[in-house]
Amino acid sequence: MVKLTGFSSVSIPFEKDECIWTEISQKYSRDQIHQIAADNGFIHVVEFVDSKSWFMDALWTVV
């Protein structure tokens with residue numbers, strides 16, 4: 001059982017050895033992102049980057 005600090009009424013039950021998925025952050029170049037899209041049946045439409053180009057959200061559409 002997991003209890004969240006500051007949320008006394010929230011508890012989350014887990015089974016023994018239950019797998020818990022978490023976010024996986026990966027770093028890819030722009031070329032790699034375009035290639036991943038193409039390899040999976042998408043076309044790269046546009047990308048949104050922060051002012052330092054450290055972070056990017058890519059918008060794809062299905063071919």
# chains A, B, ... in the order shown; residues from 1 in each chain; ligands from 1

call {"tool": "residues_around", "arguments": {"residues": "Asp31 in chain A", "least_positions_apart": "6", "cutoff": "12 Å", "atoms": "only C-alpha atoms", "output": "list in words"}}
result
Ala37, Ala38, His44, Glu47 and Ala58 of chain A

call {"tool": "select_by_dssp", "arguments": {"residues": "chain A", "states": "alpha helix (DSSP H)", "output": "PyMOL selection string"}}
result
chain A and resi 30-39

call {"tool": "write_last_selection", "arguments": {"atoms": "all heavy atoms", "output": "PDB file, in the first residue's frame"}}
result
ATOM      1  N   ARG A  30      17.150  15.907 -33.909  1.00  0.00           N
ATOM      2  CA  ARG A  30      16.016  16.197 -34.800  1.00  0.00           C
ATOM      3  C   ARG A  30      15.934  15.161 -35.916  1.00  0.00           C
ATOM      4  O   ARG A  30      14.855  14.689 -36.260  1.00  0.00           O
ATOM      5  CB  ARG A  30      16.156  17.595 -35.388  1.00  0.00           C
ATOM      6  CG  ARG A  30      15.736  18.681 -34.454  1.00  0.00           C
ATOM      7  CD  ARG A  30      15.705  20.028 -35.188  1.00  0.00           C
ATOM      8  NE  ARG A  30      14.998  20.997 -34.383  1.00  0.00           N
ATOM      9  CZ  ARG A  30      15.594  21.955 -33.685  1.00  0.00           C
ATOM     10  NH1 ARG A  30      16.895  22.068 -33.710  1.00  0.00           N
ATOM     11  NH2 ARG A  30      14.868  22.795 -32.977  1.00  0.00           N
ATOM     12  N   ASP A  31      17.079  14.812 -36.499  1.00  0.00           N
ATOM     13  CA  ASP A  31      17.097  13.816 -37.570  1.00  0.00           C
ATOM     14  C   ASP A  31      16.561  12.471 -37.084  1.00  0.00           C
ATOM     15  O   ASP A  31      15.825  11.791 -37.803  1.00  0.00           O
ATOM     16  CB  ASP A  31      18.500  13.642 -38.144  1.00  0.00           C
ATOM     17  CG  ASP A  31      18.963  14.841 -38.961  1.00  0.00           C
ATOM     18  OD1 ASP A  31      18.098  15.643 -39.396  1.00  0.00           O
ATOM     19  OD2 ASP A  31      20.183  14.976 -39.168  1.00  0.00           O
ATOM     20  N   GLN A  32      16.933  12.073 -35.869  1.00  0.00           N
ATOM     21  CA  GLN A  32      16.451  10.808 -35.317  1.00  0.00           C
ATOM     22  C   GLN A  32      14.934  10.845 -35.122  1.00  0.00           C
ATOM     23  O   GLN A  32      14.243   9.865 -35.396  1.00  0.00           O
ATOM     24  CB  GLN A  32      17.128  10.501 -33.985  1.00  0.00           C
ATOM     25  CG  GLN A  32      18.570  10.079 -34.117  1.00  0.00           C
ATOM     26  CD  GLN A  32      19.241   9.934 -32.763  1.00  0.00           C
ATOM     27  OE1 GLN A  32      19.142  10.820 -31.910  1.00  0.00           O
ATOM     28  NE2 GLN A  32      19.917   8.810 -32.568  1.00  0.00           N
ATOM     29  N   ILE A  33      14.405  11.968 -34.651  1.00  0.00           N
ATOM     30  CA  ILE A  33      12.964  12.098 -34.435  1.00  0.00           C
ATOM     31  C   ILE A  33      12.221  11.995 -35.761  1.00  0.00           C
ATOM     32  O   ILE A  33      11.211  11.298 -35.873  1.00  0.00           O
ATOM     33  CB  ILE A  33      12.633  13.411 -33.702  1.00  0.00           C
ATOM     34  CG1 ILE A  33      13.128  13.312 -32.261  1.00  0.00           C
ATOM     35  CG2 ILE A  33      11.138  13.719 -33.749  1.00  0.00           C
ATOM     36  CD1 ILE A  33      13.088  14.594 -31.492  1.00  0.00           C
ATOM     37  N   HIS A  34      12.746  12.647 -36.791  1.00  0.00           N
ATOM     38  CA  HIS A  34      12.125  12.558 -38.117  1.00  0.00           C
ATOM     39  C   HIS A  34      12.170  11.117 -38.626  1.00  0.00           C
ATOM     40  O   HIS A  34      11.204  10.632 -39.222  1.00  0.00           O
ATOM     41  CB  HIS A  34      12.833  13.489 -39.097  1.00  0.00           C
ATOM     42  CG  HIS A  34      12.626  14.933 -38.791  1.00  0.00           C
ATOM     43  ND1 HIS A  34      12.672  15.911 -39.761  1.00  0.00           N
ATOM     44  CD2 HIS A  34      12.369  15.595 -37.629  1.00  0.00           C
ATOM     45  CE1 HIS A  34      12.463  17.095 -39.206  1.00  0.00           C
ATOM     46  NE2 HIS A  34      12.285  16.919 -37.912  1.00  0.00           N
ATOM     47  N   GLN A  35      13.272  10.426 -38.405  1.00  0.00           N
ATOM     48  CA  GLN A  35      13.413   9.040 -38.860  1.00  0.00           C
ATOM     49  C   GLN A  35      12.480   8.107 -38.094  1.00  0.00           C
ATOM     50  O   GLN A  35      11.874   7.211 -38.681  1.00  0.00           O
ATOM     51  CB  GLN A  35      14.861   8.569 -38.727  1.00  0.00           C
ATOM     52  CG  GLN A  35      15.126   7.245 -39.393  1.00  0.00           C
ATOM     53  CD  GLN A  35      14.869   7.306 -40.893  1.00  0.00           C
ATOM     54  OE1 GLN A  35      15.419   8.155 -41.575  1.00  0.00           O
ATOM     55  NE2 GLN A  35      14.016   6.425 -41.401  1.00  0.00           N
ATOM     56  N   ILE A  36      12.347   8.304 -36.793  1.00  0.00           N
ATOM     57  CA  ILE A  36      11.429   7.483 -35.989  1.00  0.00           C
ATOM     58  C   ILE A  36      10.003   7.643 -36.505  1.00  0.00           C
ATOM     59  O   ILE A  36       9.260   6.668 -36.629  1.00  0.00           O
ATOM     60  CB  ILE A  36      11.524   7.853 -34.492  1.00  0.00           C
ATOM     61  CG1 ILE A  36      12.885   7.413 -33.923  1.00  0.00           C
ATOM     62  CG2 ILE A  36      10.379   7.233 -33.694  1.00  0.00           C
ATOM     63  CD1 ILE A  36      13.196   7.982 -32.551  1.00  0.00           C
ATOM     64  N   ALA A  37       9.626   8.880 -36.819  1.00  0.00           N
ATOM     65  CA  ALA A  37       8.291   9.121 -37.374  1.00  0.00           C
ATOM     66  C   ALA A  37       8.126   8.347 -38.675  1.00  0.00           C
ATOM     67  O   ALA A  37       7.142   7.611 -38.853  1.00  0.00           O
ATOM     68  CB  ALA A  37       8.073  10.619 -37.604  1.00  0.00           C
ATOM     69  N   ALA A  38       9.061   8.500 -39.594  1.00  0.00           N
ATOM     70  CA  ALA A  38       8.982   7.841 -40.903  1.00  0.00           C
ATOM     71  C   ALA A  38       8.960   6.320 -40.771  1.00  0.00           C
ATOM     72  O   ALA A  38       8.192   5.635 -41.460  1.00  0.00           O
ATOM     73  CB  ALA A  38      10.153   8.278 -41.778  1.00  0.00           C
ATOM     74  N   ASP A  39       9.779   5.776 -39.876  1.00  0.00           N
ATOM     75  CA  ASP A  39       9.858   4.327 -39.691  1.00  0.00           C
ATOM     76  C   ASP A  39       8.556   3.740 -39.156  1.00  0.00           C
ATOM     77  O   ASP A  39       8.330   2.531 -39.252  1.00  0.00           O
ATOM     78  CB  ASP A  39      10.991   3.965 -38.726  1.00  0.00           C
ATOM     79  CG  ASP A  39      12.371   4.195 -39.313  1.00  0.00           C
ATOM     80  OD1 ASP A  39      12.481   4.425 -40.542  1.00  0.00           O
ATOM     81  OD2 ASP A  39      13.348   4.168 -38.526  1.00  0.00           O
TER      82      ASP A  39
END

call {"tool": "closest_residue", "arguments": {"among": "A:Phe42, A:Gln26, A:Thr5, A:Phe48", "to": "Thr61 in chain A", "atoms": "only C-alpha atoms"}}
result
A:Phe42

call {"tool": "residues_around", "arguments": {"residues": "Val62 in chain A", "least_positions_apart": "5", "cutoff": "9 Å", "atoms": "only C-alpha atoms", "output": "mmCIF file with N, CA, C and O atoms, in the first residue's frame"}}
result
data_model
loop_
_atom_site.group_PDB
_atom_site.id
_atom_site.type_symbol
_atom_site.label_atom_id
_atom_site.label_comp_id
_atom_site.auth_asym_id
_atom_site.auth_seq_id
_atom_site.Cartn_x
_atom_site.Cartn_y
_atom_site.Cartn_z
ATOM 1 N N ASN A 40 7.713 4.579 -38.561
ATOM 2 C CA ASN A 40 6.494 4.094 -37.922
ATOM 3 C C ASN A 40 5.216 4.597 -38.587
ATOM 4 O O ASN A 40 4.147 4.592 -37.984
ATOM 5 N N GLY A 41 5.333 5.029 -39.838
ATOM 6 C CA GLY A 41 4.153 5.383 -40.602
ATOM 7 C C GLY A 41 3.620 6.782 -40.362
ATOM 8 O O GLY A 41 2.437 7.040 -40.582
ATOM 9 N N PHE A 42 4.473 7.689 -39.923
ATOM 10 C CA PHE A 42 4.061 9.062 -39.671
ATOM 11 C C PHE A 42 4.879 10.035 -40.508
ATOM 12 O O PHE A 42 5.974 9.725 -40.953
ATOM 13 N N ILE A 43 4.336 11.223 -40.675
ATOM 14 C CA ILE A 43 5.064 12.329 -41.285
ATOM 15 C C ILE A 43 5.242 13.397 -40.221
ATOM 16 O O ILE A 43 4.296 13.745 -39.516
#

call {"tool": "select_by_dssp", "arguments": {"residues": "chain A", "states": "strand (DSSP E or B)", "output": "VMD selection string"}}
result
chain A and resid 2 to 3 11 to 12 42 to 49 56 to 62

call {"tool": "write_last_selection", "arguments": {"atoms": "N, CA, C and O atoms", "output": "mmCIF file, in the first residue's frame"}}
result
data_model
loop_
_atom_site.group_PDB
_atom_site.id
_atom_site.type_symbol
_atom_site.label_atom_id
_atom_site.label_comp_id
_atom_site.auth_asym_id
_atom_site.auth_seq_id
_atom_site.Cartn_x
_atom_site.Cartn_y
_atom_site.Cartn_z
ATOM 1 N N VAL A 2 0.606 2.176 -0.871
ATOM 2 C CA VAL A 2 1.342 3.428 -0.940
ATOM 3 C C VAL A 2 0.436 4.540 -0.432
ATOM 4 O O VAL A 2 -0.718 4.638 -0.833
ATOM 5 N N LYS A 3 0.955 5.355 0.471
ATOM 6 C CA LYS A 3 0.221 6.532 0.945
ATOM 7 C C LYS A 3 1.008 7.756 0.527
ATOM 8 O O LYS A 3 2.216 7.816 0.705
ATOM 9 N N SER A 11 -4.730 6.428 -0.911
ATOM 10 C CA SER A 11 -3.850 5.266 -0.791
ATOM 11 C C SER A 11 -4.018 4.444 -2.061
ATOM 12 O O SER A 11 -5.096 4.388 -2.648
ATOM 13 N N ILE A 12 -2.942 3.830 -2.506
ATOM 14 C CA ILE A 12 -2.940 3.087 -3.755
ATOM 15 C C ILE A 12 -2.468 1.665 -3.476
ATOM 16 O O ILE A 12 -1.325 1.464 -3.062
ATOM 17 N N PHE A 42 4.473 7.689 -39.923
ATOM 18 C CA PHE A 42 4.061 9.062 -39.671
ATOM 19 C C PHE A 42 4.879 10.035 -40.508
ATOM 20 O O PHE A 42 5.974 9.725 -40.953
ATOM 21 N N ILE A 43 4.336 11.223 -40.675
ATOM 22 C CA ILE A 43 5.064 12.329 -41.285
ATOM 23 C C ILE A 43 5.242 13.397 -40.221
ATOM 24 O O ILE A 43 4.296 13.745 -39.516
ATOM 25 N N HIS A 44 6.444 13.884 -40.104
ATOM 26 C CA HIS A 44 6.736 14.969 -39.164
ATOM 27 C C HIS A 44 6.087 16.246 -39.695
ATOM 28 O O HIS A 44 6.352 16.662 -40.819
ATOM 29 N N VAL A 45 5.214 16.872 -38.899
ATOM 30 C CA VAL A 45 4.486 18.065 -39.329
ATOM 31 C C VAL A 45 5.191 19.329 -38.859
ATOM 32 O O VAL A 45 5.516 20.206 -39.648
ATOM 33 N N VAL A 46 5.432 19.422 -37.568
ATOM 34 C CA VAL A 46 6.045 20.622 -36.994
ATOM 35 C C VAL A 46 6.640 20.254 -35.636
ATOM 36 O O VAL A 46 6.255 19.264 -35.026
ATOM 37 N N GLU A 47 7.581 21.053 -35.193
ATOM 38 C CA GLU A 47 8.147 20.847 -33.861
ATOM 39 C C GLU A 47 8.099 22.157 -33.096
ATOM 40 O O GLU A 47 8.169 23.237 -33.677
ATOM 41 N N PHE A 48 7.948 22.043 -31.806
ATOM 42 C CA PHE A 48 7.896 23.190 -30.902
ATOM 43 C C PHE A 48 9.069 23.056 -29.932
ATOM 44 O O PHE A 48 9.210 22.025 -29.280
ATOM 45 N N VAL A 49 9.917 24.065 -29.866
ATOM 46 C CA VAL A 49 11.097 24.010 -29.004
ATOM 47 C C VAL A 49 11.102 25.181 -28.036
ATOM 48 O O VAL A 49 10.504 26.222 -28.303
ATOM 49 N N MET A 56 11.826 19.566 -26.949
ATOM 50 C CA MET A 56 11.031 19.660 -28.160
ATOM 51 C C MET A 56 9.815 18.754 -28.052
ATOM 52 O O MET A 56 9.905 17.625 -27.557
ATOM 53 N N ASP A 57 8.675 19.266 -28.519
ATOM 54 C CA ASP A 57 7.483 18.459 -28.764
ATOM 55 C C ASP A 57 7.332 18.370 -30.256
ATOM 56 O O ASP A 57 7.425 19.394 -30.953
ATOM 57 N N ALA A 58 7.127 17.182 -30.772
ATOM 58 C CA ALA A 58 6.990 16.985 -32.212
ATOM 59 C C ALA A 58 5.560 16.574 -32.528
ATOM 60 O O ALA A 58 4.987 15.729 -31.853
ATOM 61 N N LEU A 59 4.995 17.200 -33.556
ATOM 62 C CA LEU A 59 3.661 16.853 -34.014
ATOM 63 C C LEU A 59 3.795 16.033 -35.295
ATOM 64 O O LEU A 59 4.435 16.472 -36.246
ATOM 65 N N TRP A 60 3.199 14.832 -35.300
ATOM 66 C CA TRP A 60 3.238 13.950 -36.456
ATOM 67 C C TRP A 60 1.825 13.713 -36.941
ATOM 68 O O TRP A 60 0.863 13.888 -36.207
ATOM 69 N N THR A 61 1.702 13.265 -38.165
ATOM 70 C CA THR A 61 0.416 12.823 -38.706
ATOM 71 C C THR A 61 0.637 11.505 -39.417
ATOM 72 O O THR A 61 1.751 11.210 -39.871
ATOM 73 N N VAL A 62 -0.416 10.717 -39.490
ATOM 74 C CA VAL A 62 -0.336 9.400 -40.129
ATOM 75 C C VAL A 62 -0.180 9.583 -41.630
ATOM 76 O O VAL A 62 -0.812 10.441 -42.226
#

call {"tool": "decode", "arguments": {"residues": "range 19-30 of chain A", "atoms": "all heavy atoms", "output": "PDB file, in the first residue's frame"}}
result
ATOM      1  N   CYS A  19       4.425  -4.799 -11.498  1.00  0.00           N
ATOM      2  CA  CYS A  19       5.237  -3.908 -12.316  1.00  0.00           C
ATOM      3  C   CYS A  19       4.641  -2.498 -12.276  1.00  0.00           C
ATOM      4  O   CYS A  19       3.426  -2.334 -12.408  1.00  0.00           O
ATOM      5  CB  CYS A  19       5.276  -4.428 -13.748  1.00  0.00           C
ATOM      6  SG  CYS A  19       6.302  -3.427 -14.822  1.00  0.00           S
ATOM      7  N   ILE A  20       5.479  -1.503 -12.086  1.00  0.00           N
ATOM      8  CA  ILE A  20       5.036  -0.117 -12.079  1.00  0.00           C
ATOM      9  C   ILE A  20       5.751   0.592 -13.214  1.00  0.00           C
ATOM     10  O   ILE A  20       6.973   0.666 -13.255  1.00  0.00           O
ATOM     11  CB  ILE A  20       5.370   0.572 -10.734  1.00  0.00           C
ATOM     12  CG1 ILE A  20       4.683  -0.159  -9.593  1.00  0.00           C
ATOM     13  CG2 ILE A  20       4.961   2.035 -10.784  1.00  0.00           C
ATOM     14  CD1 ILE A  20       5.105   0.335  -8.224  1.00  0.00           C
ATOM     15  N   TRP A  21       4.984   1.119 -14.177  1.00  0.00           N
ATOM     16  CA  TRP A  21       5.555   1.828 -15.319  1.00  0.00           C
ATOM     17  C   TRP A  21       5.758   3.287 -14.965  1.00  0.00           C
ATOM     18  O   TRP A  21       4.899   3.919 -14.381  1.00  0.00           O
ATOM     19  CB  TRP A  21       4.648   1.707 -16.538  1.00  0.00           C
ATOM     20  CG  TRP A  21       4.599   0.318 -17.053  1.00  0.00           C
ATOM     21  CD1 TRP A  21       3.648  -0.628 -16.783  1.00  0.00           C
ATOM     22  CD2 TRP A  21       5.565  -0.320 -17.877  1.00  0.00           C
ATOM     23  NE1 TRP A  21       3.952  -1.806 -17.405  1.00  0.00           N
ATOM     24  CE2 TRP A  21       5.135  -1.636 -18.091  1.00  0.00           C
ATOM     25  CE3 TRP A  21       6.752   0.099 -18.464  1.00  0.00           C
ATOM     26  CZ2 TRP A  21       5.844  -2.538 -18.864  1.00  0.00           C
ATOM     27  CZ3 TRP A  21       7.448  -0.807 -19.242  1.00  0.00           C
ATOM     28  CH2 TRP A  21       6.995  -2.101 -19.431  1.00  0.00           C
ATOM     29  N   THR A  22       6.898   3.808 -15.327  1.00  0.00           N
ATOM     30  CA  THR A  22       7.191   5.223 -15.119  1.00  0.00           C
ATOM     31  C   THR A  22       7.581   5.842 -16.452  1.00  0.00           C
ATOM     32  O   THR A  22       7.843   5.142 -17.428  1.00  0.00           O
ATOM     33  CB  THR A  22       8.351   5.410 -14.114  1.00  0.00           C
ATOM     34  OG1 THR A  22       9.509   4.761 -14.624  1.00  0.00           O
ATOM     35  CG2 THR A  22       7.990   4.844 -12.757  1.00  0.00           C
ATOM     36  N   GLU A  23       7.621   7.145 -16.491  1.00  0.00           N
ATOM     37  CA  GLU A  23       8.006   7.835 -17.718  1.00  0.00           C
ATOM     38  C   GLU A  23       9.461   7.538 -18.053  1.00  0.00           C
ATOM     39  O   GLU A  23      10.307   7.460 -17.177  1.00  0.00           O
ATOM     40  CB  GLU A  23       7.829   9.336 -17.551  1.00  0.00           C
ATOM     41  CG  GLU A  23       8.231  10.125 -18.771  1.00  0.00           C
ATOM     42  CD  GLU A  23       8.099  11.623 -18.582  1.00  0.00           C
ATOM     43  OE1 GLU A  23       7.450  12.045 -17.630  1.00  0.00           O
ATOM     44  OE2 GLU A  23       8.655  12.349 -19.409  1.00  0.00           O
ATOM     45  N   ILE A  24       9.733   7.385 -19.325  1.00  0.00           N
ATOM     46  CA  ILE A  24      11.099   7.193 -19.786  1.00  0.00           C
ATOM     47  C   ILE A  24      11.464   8.397 -20.644  1.00  0.00           C
ATOM     48  O   ILE A  24      10.815   8.675 -21.644  1.00  0.00           O
ATOM     49  CB  ILE A  24      11.246   5.901 -20.615  1.00  0.00           C
ATOM     50  CG1 ILE A  24      10.885   4.696 -19.758  1.00  0.00           C
ATOM     51  CG2 ILE A  24      12.653   5.778 -21.179  1.00  0.00           C
ATOM     52  CD1 ILE A  24      10.822   3.398 -20.531  1.00  0.00           C
ATOM     53  N   SER A  25      12.465   9.114 -20.228  1.00  0.00           N
ATOM     54  CA  SER A  25      12.900  10.279 -20.981  1.00  0.00           C
ATOM     55  C   SER A  25      14.101   9.891 -21.838  1.00  0.00           C
ATOM     56  O   SER A  25      15.068   9.326 -21.344  1.00  0.00           O
ATOM     57  CB  SER A  25      13.295  11.403 -20.008  1.00  0.00           C
ATOM     58  OG  SER A  25      13.734  12.530 -20.718  1.00  0.00           O
ATOM     59  N   GLN A  26      14.008  10.168 -23.133  1.00  0.00           N
ATOM     60  CA  GLN A  26      15.077   9.847 -24.062  1.00  0.00           C
ATOM     61  C   GLN A  26      15.544  11.114 -24.761  1.00  0.00           C
ATOM     62  O   GLN A  26      14.775  12.048 -24.926  1.00  0.00           O
ATOM     63  CB  GLN A  26      14.585   8.854 -25.117  1.00  0.00           C
ATOM     64  CG  GLN A  26      14.105   7.546 -24.556  1.00  0.00           C
ATOM     65  CD  GLN A  26      15.236   6.673 -24.076  1.00  0.00           C
ATOM     66  OE1 GLN A  26      16.319   6.668 -24.645  1.00  0.00           O
ATOM     67  NE2 GLN A  26      15.000   5.925 -23.020  1.00  0.00           N
ATOM     68  N   LYS A  27      16.776  11.112 -25.193  1.00  0.00           N
ATOM     69  CA  LYS A  27      17.315  12.240 -25.951  1.00  0.00           C
ATOM     70  C   LYS A  27      17.572  11.793 -27.384  1.00  0.00           C
ATOM     71  O   LYS A  27      18.261  10.812 -27.623  1.00  0.00           O
ATOM     72  CB  LYS A  27      18.594  12.743 -25.298  1.00  0.00           C
ATOM     73  CG  LYS A  27      18.340  13.359 -23.938  1.00  0.00           C
ATOM     74  CD  LYS A  27      19.624  13.901 -23.331  1.00  0.00           C
ATOM     75  CE  LYS A  27      19.354  14.667 -22.086  1.00  0.00           C
ATOM     76  NZ  LYS A  27      19.196  13.899 -20.901  1.00  0.00           N
ATOM     77  N   TYR A  28      16.977  12.496 -28.331  1.00  0.00           N
ATOM     78  CA  TYR A  28      17.136  12.202 -29.747  1.00  0.00           C
ATOM     79  C   TYR A  28      17.489  13.488 -30.490  1.00  0.00           C
ATOM     80  O   TYR A  28      17.052  14.574 -30.109  1.00  0.00           O
ATOM     81  CB  TYR A  28      15.834  11.655 -30.349  1.00  0.00           C
ATOM     82  CG  TYR A  28      15.368  10.361 -29.745  1.00  0.00           C
ATOM     83  CD1 TYR A  28      14.337  10.339 -28.812  1.00  0.00           C
ATOM     84  CD2 TYR A  28      15.941   9.154 -30.123  1.00  0.00           C
ATOM     85  CE1 TYR A  28      13.894   9.147 -28.266  1.00  0.00           C
ATOM     86  CE2 TYR A  28      15.500   7.952 -29.585  1.00  0.00           C
ATOM     87  CZ  TYR A  28      14.475   7.962 -28.649  1.00  0.00           C
ATOM     88  OH  TYR A  28      14.046   6.780 -28.114  1.00  0.00           O
ATOM     89  N   SER A  29      18.219  13.354 -31.569  1.00  0.00           N
ATOM     90  CA  SER A  29      18.478  14.502 -32.437  1.00  0.00           C
ATOM     91  C   SER A  29      17.225  14.746 -33.289  1.00  0.00           C
ATOM     92  O   SER A  29      16.359  13.885 -33.402  1.00  0.00           O
ATOM     93  CB  SER A  29      19.674  14.217 -33.357  1.00  0.00           C
ATOM     94  OG  SER A  29      19.328  13.235 -34.317  1.00  0.00           O
ATOM     95  N   ARG A  30      17.150  15.907 -33.909  1.00  0.00           N
ATOM     96  CA  ARG A  30      16.016  16.197 -34.800  1.00  0.00           C
ATOM     97  C   ARG A  30      15.934  15.161 -35.916  1.00  0.00           C
ATOM     98  O   ARG A  30      14.855  14.689 -36.260  1.00  0.00           O
ATOM     99  CB  ARG A  30      16.156  17.595 -35.388  1.00  0.00           C
ATOM    100  CG  ARG A  30      15.736  18.681 -34.454  1.00  0.00           C
ATOM    101  CD  ARG A  30      15.705  20.028 -35.188  1.00  0.00           C
ATOM    102  NE  ARG A  30      14.998  20.997 -34.383  1.00  0.00           N
ATOM    103  CZ  ARG A  30      15.594  21.955 -33.685  1.00  0.00           C
ATOM    104  NH1 ARG A  30      16.895  22.068 -33.710  1.00  0.00           N
ATOM    105  NH2 ARG A  30      14.868  22.795 -32.977  1.00  0.00           N
TER     106      ARG A  30
END
